[in-house]
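Dumped run12.csv below, it's CSV, C-alpha atoms and all ligand atoms:
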chain,number,residue,atom,x,y,z
A,755,MET,CA,-35.1,-14.4,19.1
A,756,LYS,CA,-36.5,-14.8,15.6
A,757,ILE,CA,-36.5,-11.1,15.0
A,758,LEU,CA,-32.9,-10.8,16.2
A,759,LYS,CA,-31.8,-13.5,13.8
A,760,LYS,CA,-33.6,-11.8,11.0
A,761,PHE,CA,-31.9,-8.5,11.9
A,762,ILE,CA,-28.5,-10.1,12.0
A,763,LEU,CA,-29.2,-11.7,8.6
A,764,ILE,CA,-30.2,-8.4,7.1
A,765,LEU,CA,-27.1,-6.7,8.6
A,766,GLY,CA,-24.9,-9.4,7.1
A,767,LEU,CA,-26.4,-9.0,3.7
A,768,CYS,CA,-26.2,-5.2,3.7
A,769,SER,CA,-22.7,-4.8,4.9
A,770,THR,CA,-20.9,-7.6,3.0
A,771,GLY,CA,-22.3,-7.5,-0.5
A,772,VAL,CA,-21.7,-10.6,-2.4
A,773,SER,CA,-19.8,-13.3,-0.6
A,774,ALA,CA,-17.9,-13.1,2.6
A,775,GLU,CA,-20.3,-13.6,5.5
A,776,GLU,CA,-18.8,-11.6,8.4
A,777,SER,CA,-16.1,-9.6,6.7
A,778,ARG,CA,-15.5,-6.0,7.6
A,779,TRP,CA,-13.1,-3.3,6.6
A,780,TRP,CA,-9.7,-3.1,8.2
A,781,LYS,CA,-7.5,0.0,7.7
A,782,GLY,CA,-3.8,-0.4,7.3
A,783,ASN,CA,-0.4,1.0,6.2
A,784,LEU,CA,2.2,-1.3,5.0
A,785,HIS,CA,5.2,1.0,4.4
A,786,THR,CA,6.8,3.1,7.2
A,787,HIS,CA,10.3,3.7,8.6
A,788,SER,CA,11.6,3.9,12.1
A,789,LEU,CA,15.0,4.6,13.8
A,790,TRP,CA,16.0,1.0,12.8
A,791,SER,CA,16.8,2.7,9.5
A,792,ASP,CA,16.2,6.3,8.4
A,793,GLY,CA,12.9,7.1,10.2
A,794,ASP,CA,13.0,9.6,13.1
A,795,ASP,CA,11.0,7.8,15.7
A,796,TYR,CA,10.9,4.7,17.9
A,797,PRO,CA,8.7,1.8,16.7
A,798,GLU,CA,6.4,1.9,19.7
A,799,MET,CA,5.8,5.6,19.1
A,800,ILE,CA,5.0,5.0,15.5
A,801,ALA,CA,2.7,2.1,16.3
A,802,ASP,CA,1.0,4.2,18.9
A,803,TRP,CA,0.2,7.0,16.3
A,804,TYR,CA,-1.4,4.5,13.9
A,805,ARG,CA,-3.3,2.7,16.7
A,806,GLU,CA,-4.7,6.0,18.0
A,807,ASN,CA,-5.6,7.2,14.5
A,808,GLY,CA,-8.0,4.5,13.4
A,809,TYR,CA,-5.7,2.1,11.8
A,810,ASN,CA,-6.0,-1.7,12.4
A,811,PHE,CA,-2.7,-2.9,11.0
A,812,LEU,CA,0.8,-1.7,10.4
A,813,GLY,CA,4.0,-2.9,8.9
A,814,ILE,CA,7.1,-1.0,9.9
A,815,SER,CA,9.4,-1.6,6.9
A,816,ASP,CA,12.9,-0.4,7.4
A,817,HIS,CA,15.6,-0.5,4.8
A,818,ASN,CA,17.4,-3.8,4.6
A,819,ILE,CA,17.0,-4.6,8.3
A,820,LEU,CA,14.6,-6.4,10.6
A,821,ALA,CA,14.1,-5.1,14.2
A,822,GLU,CA,16.0,-7.9,15.9
A,823,GLY,CA,19.2,-8.3,17.9
A,824,ASP,CA,20.6,-6.1,20.7
A,825,ARG,CA,20.8,-2.6,19.1
A,826,TRP,CA,21.8,0.4,21.2
A,827,ILE,CA,21.9,3.8,19.4
A,828,HIS,CA,23.1,7.3,20.6
A,829,ALA,CA,20.0,8.7,22.3
A,830,GLU,CA,20.5,12.2,20.8
A,831,LYS,CA,22.6,11.9,17.7
A,832,ASN,CA,20.1,10.1,15.5
A,833,ALA,CA,17.4,11.2,13.0
A,834,GLY,CA,14.9,12.0,15.8
A,835,GLY,CA,17.4,13.6,18.2
A,836,ARG,CA,16.9,14.5,21.8
A,837,LEU,CA,13.2,15.5,21.1
A,838,ALA,CA,12.3,12.0,20.0
A,839,PHE,CA,13.9,10.5,23.0
A,840,GLU,CA,12.2,12.8,25.4
A,841,LYS,CA,8.8,12.2,23.9
A,842,TYR,CA,9.5,8.4,23.9
A,843,LEU,CA,10.5,8.5,27.6
A,844,LYS,CA,7.5,10.6,28.5
A,845,LYS,CA,5.1,8.3,26.7
A,846,PHE,CA,6.4,4.9,27.8
A,847,GLY,CA,8.3,5.7,31.0
A,848,SER,CA,11.6,4.5,32.3
A,849,ASP,CA,10.3,1.0,33.2
A,850,TRP,CA,9.9,0.3,29.4
A,851,VAL,CA,12.5,2.5,27.8
A,852,GLU,CA,16.0,1.0,28.1
A,853,HIS,CA,18.6,3.7,28.3
A,854,LYS,CA,22.0,4.2,29.9
A,855,THR,CA,25.1,6.4,29.8
A,856,GLU,CA,28.3,4.8,28.7
A,857,LYS,CA,31.6,6.8,28.7
A,858,ASN,CA,29.4,10.0,28.8
A,859,ILE,CA,27.4,8.8,25.8
A,860,PRO,CA,23.7,8.6,26.3
A,861,LYS,CA,22.4,5.4,24.7
A,862,VAL,CA,19.0,3.9,24.1
A,863,ARG,CA,18.1,0.4,23.0
A,864,LEU,CA,15.7,-0.1,20.1
A,865,LYS,CA,13.1,-2.7,20.8
A,866,ASN,CA,12.8,-5.8,18.7
A,867,PHE,CA,9.8,-6.6,16.6
A,868,SER,CA,8.7,-9.3,19.0
A,869,GLU,CA,8.9,-6.8,21.9
A,870,TYR,CA,7.0,-3.9,20.3
A,871,GLU,CA,4.5,-6.3,18.8
A,872,ALA,CA,3.7,-7.7,22.2
A,873,LYS,CA,3.5,-4.3,23.7
A,874,MET,CA,1.4,-2.5,21.1
A,875,SER,CA,-0.9,-5.1,19.4
A,876,ILE,CA,-4.4,-5.6,20.6
A,877,GLU,CA,-6.2,-8.8,19.4
A,878,GLY,CA,-8.9,-8.0,16.9
A,879,LYS,CA,-8.1,-4.3,17.0
A,880,PHE,CA,-4.5,-3.6,16.1
A,881,LEU,CA,-2.1,-5.9,14.3
A,882,LEU,CA,1.6,-5.5,13.7
A,883,MET,CA,3.2,-7.4,10.9
A,884,GLN,CA,7.0,-7.8,10.5
A,885,ALA,CA,8.1,-6.0,7.3
A,886,GLU,CA,11.3,-5.0,5.5
A,887,GLU,CA,11.9,-2.6,2.6
A,888,LEU,CA,14.3,-4.6,0.4
A,889,THR,CA,16.4,-1.6,-0.8
A,890,ASP,CA,18.2,-2.6,-4.0
A,891,GLN,CA,19.5,-0.8,-7.1
A,892,PHE,CA,20.6,-1.4,-10.6
A,893,GLN,CA,23.4,0.8,-11.9
A,894,GLY,CA,22.5,3.4,-9.3
A,895,VAL,CA,18.8,3.4,-10.1
A,896,PRO,CA,16.8,2.8,-6.9
A,897,ILE,CA,14.7,-0.4,-6.8
A,898,HIS,CA,12.8,-0.9,-3.6
A,899,LEU,CA,10.3,-3.7,-2.7
A,900,ASN,CA,8.5,-4.2,0.5
A,901,ALA,CA,8.1,-7.6,2.1
A,902,THR,CA,5.1,-7.9,4.4
A,903,ASN,CA,4.8,-10.5,7.2
A,904,LEU,CA,8.2,-12.0,6.4
A,905,LYS,CA,9.8,-14.3,8.9
A,906,ASN,CA,13.5,-13.9,8.3
A,907,TYR,CA,15.6,-11.1,7.0
A,908,ILE,CA,16.1,-11.0,3.2
A,909,PRO,CA,19.1,-9.1,1.8
A,910,PRO,CA,18.7,-7.2,-1.5
A,911,GLN,CA,19.2,-9.8,-4.3
A,912,GLY,CA,20.7,-7.7,-7.1
A,913,GLY,CA,20.4,-8.7,-10.8
A,914,SER,CA,21.5,-7.9,-14.3
A,915,SER,CA,18.7,-5.6,-15.3
A,916,LEU,CA,16.0,-3.5,-13.7
A,917,SER,CA,13.4,-6.3,-14.2
A,918,SER,CA,15.7,-9.0,-13.0
A,919,VAL,CA,16.5,-7.1,-9.8
A,920,LEU,CA,12.7,-6.9,-9.3
A,921,GLN,CA,12.1,-10.5,-10.1
A,922,ASN,CA,15.0,-11.8,-8.0
A,923,ASN,CA,13.7,-9.9,-4.9
A,924,VAL,CA,10.1,-11.1,-5.6
A,925,ASN,CA,11.4,-14.6,-5.8
A,926,ALA,CA,13.3,-14.3,-2.5
A,927,VAL,CA,10.1,-13.4,-0.7
A,928,MET,CA,8.1,-16.1,-2.4
A,929,ASP,CA,10.8,-18.7,-1.7
A,930,GLN,CA,10.7,-17.8,2.0
A,931,ARG,CA,6.9,-18.1,1.9
A,932,LYS,CA,7.2,-21.6,0.4
A,933,LYS,CA,9.9,-22.7,2.7
A,934,THR,CA,8.4,-21.4,6.0
A,935,GLY,CA,4.8,-21.9,5.1
A,936,GLN,CA,4.1,-18.4,6.4
A,937,LEU,CA,2.0,-16.2,4.2
A,938,MET,CA,3.9,-13.1,3.1
A,939,PHE,CA,4.0,-11.0,0.0
A,940,PRO,CA,6.3,-8.5,-1.9
A,941,HIS,CA,5.1,-5.2,-3.2
A,942,ILE,CA,6.9,-2.8,-5.5
A,943,ASN,CA,7.5,0.6,-3.9
A,944,HIS,CA,7.2,4.0,-5.5
A,945,PRO,CA,8.0,3.1,-9.2
A,946,ASN,CA,8.6,6.8,-10.0
A,947,PHE,CA,11.1,7.5,-7.2
A,948,GLY,CA,14.2,8.5,-9.2
A,949,TRP,CA,12.1,7.8,-12.3
A,950,ALA,CA,13.3,4.3,-11.7
A,951,LEU,CA,10.8,1.9,-13.2
A,952,LYS,CA,9.0,1.8,-16.6
A,953,PRO,CA,5.9,-0.3,-17.2
A,954,THR,CA,8.1,-2.8,-19.2
A,955,ASP,CA,10.2,-3.5,-16.1
A,956,MET,CA,7.1,-4.7,-14.3
A,957,ILE,CA,4.7,-6.1,-16.9
A,958,LYS,CA,6.2,-9.7,-17.0
A,959,LEU,CA,7.0,-10.1,-13.3
A,960,LYS,CA,5.9,-13.5,-11.9
A,961,GLY,CA,4.6,-13.8,-8.4
A,962,GLU,CA,4.2,-10.0,-7.9
A,963,GLN,CA,0.6,-8.8,-7.4
A,964,PHE,CA,1.1,-5.4,-5.9
A,965,PHE,CA,2.7,-2.0,-6.6
A,966,GLU,CA,2.3,1.4,-5.0
A,967,VAL,CA,0.0,3.5,-7.0
A,968,TYR,CA,0.2,6.2,-4.3
A,969,ASN,CA,3.0,6.8,-1.8
A,970,GLY,CA,2.9,9.7,0.6
A,971,HIS,CA,6.7,10.5,0.5
A,972,PRO,CA,7.1,13.9,-1.2
A,973,ALA,CA,9.9,12.7,-3.5
A,974,VAL,CA,8.2,9.9,-5.3
A,975,ASN,CA,6.6,11.6,-8.3
A,976,ASN,CA,3.1,9.9,-8.1
A,977,TYR,CA,1.7,12.2,-10.7
A,978,GLY,CA,4.5,11.9,-13.3
A,979,ASP,CA,5.5,15.0,-15.3
A,980,ALA,CA,5.8,16.1,-18.9
A,981,LYS,CA,8.4,13.4,-19.6
A,982,HIS,CA,7.2,10.7,-17.4
A,983,LEU,CA,4.0,8.6,-16.8
A,984,SER,CA,2.0,9.0,-13.7
A,985,THR,CA,1.6,5.9,-11.5
A,986,VAL,CA,-2.0,5.4,-12.6
A,987,GLN,CA,-0.9,5.4,-16.3
A,988,ILE,CA,1.8,2.9,-15.4
A,989,TRP,CA,-0.8,0.8,-13.7
A,990,ASP,CA,-3.0,0.7,-16.8
A,991,ILE,CA,-0.2,-0.2,-19.1
A,992,ILE,CA,1.0,-3.0,-16.8
A,993,ASN,CA,-2.5,-4.5,-16.6
A,994,SER,CA,-3.3,-4.2,-20.2
A,995,TYR,CA,-0.3,-6.2,-21.2
A,996,ARG,CA,-0.4,-8.6,-18.3
A,997,VAL,CA,-4.0,-9.6,-18.9
A,998,GLY,CA,-4.3,-8.9,-22.6
A,999,ILE,CA,-1.0,-10.3,-23.9
A,1000,HIS,CA,0.9,-12.3,-21.3
A,1001,LYS,CA,-2.0,-13.9,-19.6
A,1002,LEU,CA,-0.7,-12.9,-16.2
A,1003,PRO,CA,-2.9,-12.0,-13.2
A,1004,LEU,CA,-3.9,-8.4,-12.5
A,1005,MET,CA,-1.5,-6.1,-10.6
A,1006,PHE,CA,-3.2,-4.4,-7.7
A,1007,GLY,CA,-2.5,-0.8,-6.5
A,1008,LEU,CA,-1.6,0.1,-2.9
A,1009,ALA,CA,-1.5,3.4,-1.2
A,1010,THR,CA,1.0,3.8,1.6
A,1011,ASP,CA,2.6,6.5,3.8
A,1012,ASP,CA,6.3,5.6,3.5
A,1013,ALA,CA,6.6,7.9,6.6
A,1014,HIS,CA,10.0,8.9,7.9
A,1015,ASN,CA,9.2,12.2,9.7
A,1016,TYR,CA,7.1,12.0,12.9
A,1017,HIS,CA,7.9,15.3,14.5
A,1018,GLN,CA,7.6,18.0,11.8
A,1019,ILE,CA,4.2,17.8,10.2
A,1020,ALA,CA,4.2,19.7,6.9
A,1021,VAL,CA,3.9,19.4,3.1
A,1022,GLY,CA,7.3,18.4,1.9
A,1023,LYS,CA,7.9,16.0,4.9
A,1024,SER,CA,7.1,12.3,4.7
A,1025,ASN,CA,4.4,12.1,7.3
A,1026,THR,CA,1.8,9.6,8.5
A,1027,GLY,CA,-1.8,9.6,7.4
A,1028,ARG,CA,-1.4,10.1,3.6
A,1029,GLY,CA,-2.2,6.8,2.0
A,1030,TRP,CA,-3.6,3.6,3.3
A,1031,VAL,CA,-5.4,0.4,2.3
A,1032,MET,CA,-8.9,-0.7,3.4
A,1033,VAL,CA,-9.1,-4.5,3.4
A,1034,LYS,CA,-12.3,-6.5,3.5
A,1035,ALA,CA,-11.5,-9.6,5.5
A,1036,PRO,CA,-13.2,-11.8,8.1
A,1037,ALA,CA,-10.5,-11.4,10.7
A,1038,LEU,CA,-7.6,-9.2,11.7
A,1039,SER,CA,-4.8,-11.7,11.3
A,1040,PRO,CA,-1.8,-11.8,8.9
A,1041,SER,CA,-3.3,-14.7,6.9
A,1042,SER,CA,-6.8,-13.2,6.8
A,1043,ILE,CA,-5.5,-9.8,5.6
A,1044,ILE,CA,-3.0,-11.3,3.1
A,1045,LYS,CA,-5.5,-13.7,1.6
A,1046,ALA,CA,-8.1,-10.9,1.2
A,1047,MET,CA,-5.5,-8.6,-0.5
A,1048,GLU,CA,-4.4,-11.4,-2.8
A,1049,ARG,CA,-8.1,-11.8,-3.8
A,1050,GLY,CA,-8.2,-8.1,-4.5
A,1051,ASP,CA,-10.7,-7.5,-1.7
A,1052,PHE,CA,-9.4,-4.1,-0.8
A,1053,TYR,CA,-9.1,-0.5,-2.0
A,1054,SER,CA,-6.6,2.2,-1.6
A,1055,SER,CA,-7.4,5.6,-0.2
A,1056,SER,CA,-6.0,9.0,0.7
A,1057,GLY,CA,-9.3,10.1,2.3
A,1058,VAL,CA,-12.3,8.8,0.4
A,1059,SER,CA,-14.2,6.0,2.1
A,1060,ILE,CA,-16.1,3.2,0.3
A,1061,SER,CA,-18.8,1.3,2.2
A,1062,SER,CA,-19.3,-1.6,-0.1
A,1063,ILE,CA,-18.0,-2.9,-3.4
A,1064,LYS,CA,-19.9,-5.4,-5.6
A,1065,THR,CA,-18.4,-7.1,-8.6
A,1066,SER,CA,-20.7,-9.7,-10.1
A,1067,GLY,CA,-18.8,-10.5,-13.3
A,1068,THR,CA,-21.3,-8.5,-15.3
A,1069,ALA,CA,-21.2,-5.3,-13.3
A,1070,PHE,CA,-18.9,-3.4,-11.0
A,1071,SER,CA,-20.6,-1.1,-8.5
A,1072,PHE,CA,-19.9,0.4,-5.1
A,1073,LYS,CA,-21.1,2.9,-2.5
A,1074,ILE,CA,-19.2,5.9,-1.4
A,1075,SER,CA,-19.5,6.9,2.3
A,1076,ALA,CA,-20.3,10.5,1.4
A,1077,GLU,CA,-19.5,13.4,3.7
A,1078,LYS,CA,-21.9,16.3,4.0
A,1079,GLY,CA,-21.1,19.1,1.5
A,1080,VAL,CA,-18.5,17.0,-0.4
A,1081,THR,CA,-18.9,15.9,-4.0
A,1082,TYR,CA,-17.3,12.9,-5.6
A,1083,THR,CA,-16.4,12.2,-9.2
A,1084,THR,CA,-15.8,8.6,-10.2
A,1085,TRP,CA,-14.0,7.5,-13.4
A,1086,PHE,CA,-14.3,3.9,-14.5
A,1087,VAL,CA,-11.1,3.3,-16.4
A,1088,GLY,CA,-10.1,0.3,-18.4
A,1089,THR,CA,-8.6,-1.2,-21.6
A,1090,ARG,CA,-10.5,-3.2,-24.2
A,1091,LYS,CA,-9.4,-6.4,-25.8
A,1092,GLY,CA,-8.6,-4.7,-29.1
A,1093,PHE,CA,-6.1,-2.2,-27.8
A,1094,LYS,CA,-3.0,-1.5,-29.9
A,1095,SER,CA,-0.4,-3.7,-28.3
A,1096,SER,CA,3.2,-3.6,-29.4
A,1097,LYS,CA,6.2,-5.8,-29.0
A,1098,ASP,CA,8.4,-2.7,-29.1
A,1099,LEU,CA,9.3,-1.8,-25.5
A,1100,ALA,CA,9.5,1.9,-26.2
A,1101,LYS,CA,5.9,1.8,-27.4
A,1102,ARG,CA,4.9,-0.2,-24.4
A,1103,ASN,CA,6.4,2.6,-22.3
A,1104,SER,CA,4.7,5.3,-24.4
A,1105,LEU,CA,3.8,8.6,-22.7
A,1106,ASN,CA,0.4,8.5,-24.5
A,1107,PRO,CA,-1.0,5.2,-23.5
A,1108,SER,CA,-4.5,6.4,-24.3
A,1109,GLU,CA,-3.6,6.6,-28.0
A,1110,ALA,CA,-3.2,2.9,-27.9
A,1111,GLY,CA,-6.6,2.5,-26.2
A,1112,ILE,CA,-4.9,1.8,-22.8
A,1113,GLY,CA,-6.6,3.2,-19.7
A,1114,GLU,CA,-9.6,4.6,-21.5
A,1115,ILE,CA,-12.2,6.5,-19.5
A,1116,LEU,CA,-15.2,4.1,-19.9
A,1117,SER,CA,-17.6,6.2,-17.9
A,1118,GLN,CA,-17.8,9.0,-15.5
A,1119,THR,CA,-20.3,9.9,-12.8
A,1120,THR,CA,-20.9,12.1,-9.7
A,1121,SER,CA,-23.3,9.6,-8.2
A,1122,ILE,CA,-22.3,8.3,-4.7
A,1123,GLU,CA,-23.4,4.8,-5.9
A,1124,PRO,CA,-21.4,4.4,-9.1
A,1125,ASN,CA,-22.2,1.5,-11.3
A,1126,TYR,CA,-20.5,0.1,-14.4
A,1127,ILE,CA,-22.1,-2.6,-16.6
A,1128,PHE,CA,-19.4,-4.5,-18.5
A,1129,LYS,CA,-19.7,-4.6,-22.2
A,1130,GLY,CA,-17.7,-7.8,-22.2
A,1131,ASP,CA,-14.7,-6.7,-24.2
A,1132,GLU,CA,-12.8,-5.1,-21.3
A,1133,LEU,CA,-9.6,-6.7,-20.2
A,1134,TYR,CA,-10.2,-5.0,-16.8
A,1135,VAL,CA,-12.0,-2.1,-15.3
A,1136,ARG,CA,-10.9,-0.1,-12.3
A,1137,ALA,CA,-12.5,2.9,-10.5
A,1138,HIS,CA,-10.9,6.1,-9.4
A,1139,VAL,CA,-12.8,8.5,-7.1
A,1140,VAL,CA,-11.7,12.1,-6.6
A,1141,SER,CA,-13.4,14.1,-3.8
A,1142,SER,CA,-14.0,17.8,-3.8
A,1143,LYS,CA,-12.4,17.9,-0.4
A,1144,LYS,CA,-8.8,19.0,-0.1
A,1145,LYS,CA,-6.6,16.6,1.7
A,1146,ALA,CA,-5.1,17.8,5.0
A,1147,ASN,CA,-1.3,17.8,5.1
A,1148,PRO,CA,-1.1,16.3,1.6
A,1149,TYR,CA,1.6,14.6,-0.4
A,1150,SER,CA,1.6,17.7,-2.7
A,1151,LEU,CA,-0.1,21.1,-2.4
A,1152,GLY,CA,-3.7,21.3,-3.5
A,1153,GLU,CA,-4.3,17.6,-3.6
A,1154,GLN,CA,-7.8,16.3,-3.2
A,1155,GLU,CA,-8.9,13.2,-1.3
A,1156,GLN,CA,-9.0,10.1,-3.5
A,1157,ALA,CA,-9.8,6.3,-3.6
A,1158,TRP,CA,-8.4,3.8,-6.0
A,1159,LEU,CA,-10.5,0.7,-6.4
A,1160,GLN,CA,-8.8,-2.5,-7.7
A,1161,PRO,CA,-9.2,-3.6,-11.3
A,1162,VAL,CA,-11.6,-6.4,-12.1
A,1163,SER,CA,-12.2,-8.3,-15.2
A,1164,PRO,CA,-15.6,-9.2,-16.6
A,1165,ARG,CA,-16.5,-12.9,-16.5
A,1166,GLU,CA,-15.7,-14.7,-19.8
A,1201,ZN,ZN,11.9,3.3,-0.8
A,1202,ZN,ZN,10.3,3.5,2.3

As a first step, turn the structure in this file into structure tokens.
Ligand SMILES: [Zn+2]
Ligand SMILES: [Zn+2]
Amino acid sequence: MKILKKFILILGLCSTGVSAEESRWWKGNLHTHSLWSDGDDYPEMIADWYRENGYNFLGISDHNILAEGDRWIHAEKNAGGRLAFEKYLKKFGSDWVEHKTEKNIPKVRLKNFSEYEAKMSIEGKFLLMQAEELTDQFQGVPIHLNATNLKNYIPPQGGSSLSSVLQNNVNAVMDQRKKTGQLMFPHINHPNFGWALKPTDMIKLKGEQFFEVYNGHPAVNNYGDAKHLSTVQIWDIINSYRVGIHKLPLMFGLATDDAHNYHQIAVGKSNTGRGWVMVKAPALSPSSIIKAMERGDFYSSSGVSISSIKTSGTAFSFKISAEKGVTYTTWFVGTRKGFKSSKDLAKRNSLNPSEAGIGEILSQTTSIEPNYIFKGDELYVRAHVVSSKKKANPYSLGEQEQAWLQPVSPRE
């Protein structure tokens, strides 16, 4: 008995690092579409893919709609067509699939969130959270925000500028959270989709802690171009100003799939399995996952696995779950207190943030146990791992597997 207790104690210490006693990693995707909007498959089919592919939680986030109410669609004239319907019927059978022919029109009923959640979730193994992609715009520029674990539908809120559209939608989610007492959070989707958002549109947002640093949809410009910042550069500018100038909390970076296409698997299609989050939490419940994410107890990945992360206030270290024959390069990236800040919005959006000391490479290593000792003058430090392994069915050709660890600030 004594030996067993000792063993459990050692296990606990090894696997959890600093604080949480019985936390473990949970894999999830918070951004995905179904036939409720412009995805090409049924919610249960999508949930089934994620459940069977090692995920522990999922939010199906359709554009400006929740999966509720009596919704019958044409069984063949939809994004998934006859093929999707046949696969659905084969997988779930006619006892579950509700379909009929009315005036020679084949129809199928889309299941509500409460129905597919009850059917597909498994306690402690697979969790479904209700979600919505609040799909807004400003003067034709797309502005999308996800709401995760919301209770009631939220229409897009509009606003008089890009940043006010963002803030109004964030506020709507946080107001519902306050009113209902249910934990939920907004996150900014694909900032470079349509080259919509600049750092200055996001720097001063209140109540927003998350944005997508990596989105698997092929049209979202994660890596920027000659005229536009990449999402990691945007991330560094946002956090430098948030922490260094405006005394706002850090913004965390999410990886998501934003999957729409479940039948044709190819580069150029928006498929499953491209980007996800790994959350270190004591339990698989909405509140446990959300609280952990709000603490920053997660990392984002497109393939690289991290076994443990330690942040002590004086050091930032972690362990990569290395695969045989694969090498890993880690960059610790951050901004120091004396960076060249500017009130000029154009300068804040500069294409060369590193000239202002924003997002400096503070150290680089090929160790699978990277370690960074804070100098003390960093506003924040984040870690980016790039593997030598090519990603299967990537967001863009030639992409290598990556992990994005959340920024941390040294203790004052
Ligand atoms: Zn979107
Ligand atoms: Zn989307």

Exercise for the section: Check every protein, DNA and RNA residue against ligand ZN 1202 (chain A), keep those with an atom at most 10 Å away (counting only C-alpha atoms and all ligand atoms), and present them as a PyMOL selection string. Expected result: chain A and resi 784-788+791-793+814-817+886-889+898-900+943-944+969-971+1010-1014+1024

**Prompt:** Separation of CA of Phe1072 in chain A and CA of Ile1122 in chain A, in Å?
**Reply:**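 Computed distance, CA of Phe1072 in chain A to CA of Ile1122 in chain A, equals 8.3 Å.
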
From the options A:Ile988, A:Ile800, A:Ala980, A:Ala1069, which residue's atoms come nearest to Met956 in chain A, counting all atoms listed in the file?
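Distance minimum relative to Met956 in chain A lands on A:Ile988.
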
Item to check | Nearest to Leu1038 in chain A by atom-to-atom distance, counting all atoms listed in the file, from A:Glu877, A:Phe1128, A:Arg825, A:Ile819 | outcome: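 Residue with the minimum atom-to-atom distance to Leu1038 in chain A: A:Glu877.
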
ask   = Between A:Phe892, A:Phe947, A:Phe846, A:Trp779, which one has atoms that come closest to ligand ZN 1201 (chain A), using all atoms listed in the file?
value =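 Smallest separation from ligand ZN 1201 (chain A) among the options: A:Phe947.
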
_Can you measure CA of Arg778 in chain A to CA of Tyr804 in chain A for me? One decimal in Å is fine._
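CA of Tyr804 in chain A lies at a distance of 18.7 Å from CA of Arg778 in chain A.
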
CA of Val974 in chain A and CA of Gly1022 in chain A, how far apart in Å?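 Separation of CA of Gly1022 in chain A and CA of Val974 in chain A: 11.2 Å.
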
**Asked** Contacts of Val997 in chain A at 12 Å or less, counting only C-alpha atoms, minus same-chain residues fewer than 6 places along, as a list in words?
**Response**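 The residues satisfying every condition are Ile957, Lys958, Asp990, Ile991, Pro1003, Leu1004, Met1005, Gly1088, Thr1089, Arg1090, Lys1091, Phe1093, Ser1095, Glu1132, Leu1133, Tyr1134, Val1135, Pro1161, Val1162, Ser1163 and Pro1164 of chain A.
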
Q.
Show me the residues around (4.8, 6.4, -22.7) - criterion: an atom at most 10 Å away, all atoms listed in the file counted - as a PyMOL selection string.
A. chain A and resi 952-953+981-984+987-988+991+1099-1109

Discussion item. Restricting the calculation to all atoms listed in the file: of A:Asn1147, A:Lys1078, A:Gln1018, A:Glu966, which residue gets closest to ligand ZN 1201 (chain A)?
Written reply: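 With all atoms listed in the file as the atom set, the closest residue is A:Glu966.
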
Report as a PyMOL selection string all protein, DNA and RNA residues lying within 7 Å of Lys1034 in chain A, evaluated on all atoms listed in the file, omitting residues in the same chain fewer than 2 positions from it. chain A and resi 777-780+1032+1046+1051-1052

Selected residues written out with C-alpha atoms, as a short mmCIF file (atom, residue, chain, number, x, y, z; two decimals), keeping the file's coordinate frame:
data_model
loop_
_atom_site.label_atom_id
_atom_site.label_comp_id
_atom_site.auth_asym_id
_atom_site.auth_seq_id
_atom_site.Cartn_x
_atom_site.Cartn_y
_atom_site.Cartn_z
CA SER A 777 -16.10 -9.60 6.70
CA ARG A 778 -15.50 -6.00 7.60
CA TRP A 779 -13.10 -3.30 6.60
CA TRP A 780 -9.70 -3.10 8.20
CA MET A 1032 -8.90 -0.70 3.40
CA ALA A 1046 -8.10 -10.90 1.20
CA ASP A 1051 -10.70 -7.50 -1.70
CA PHE A 1052 -9.40 -4.10 -0.80
#

Selected residue, from A:Gln891, A:Gln1118, A:Thr1084, A:Ser1062, that lies nearest to ligand ZN 1201 (chain A) when counting all atoms listed in the file: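 Using all atoms listed in the file, ligand ZN 1201 (chain A) sits closest to A:Gln891.
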
Residues within 9 Å of Ser1041 in chain A, all atoms listed in the file, excluding chain neighbours under 6 positions, as a ChimeraX atom specification = /A:936-938

For Ile1112 in chain A, the closest of A:Ser994, A:Ala1037, A:Gly1057, A:Asp1098 counting all atoms listed in the file is A:Ser994

Please write as number ranges by chain the list of polymer residues whose atoms come within 9 Å of (-4.5, 15.2, -3.5), counting all atoms listed in the file and keeping to the coordinates of the file. A: 1056, 1140-1141, 1143-1146, 1148-1156
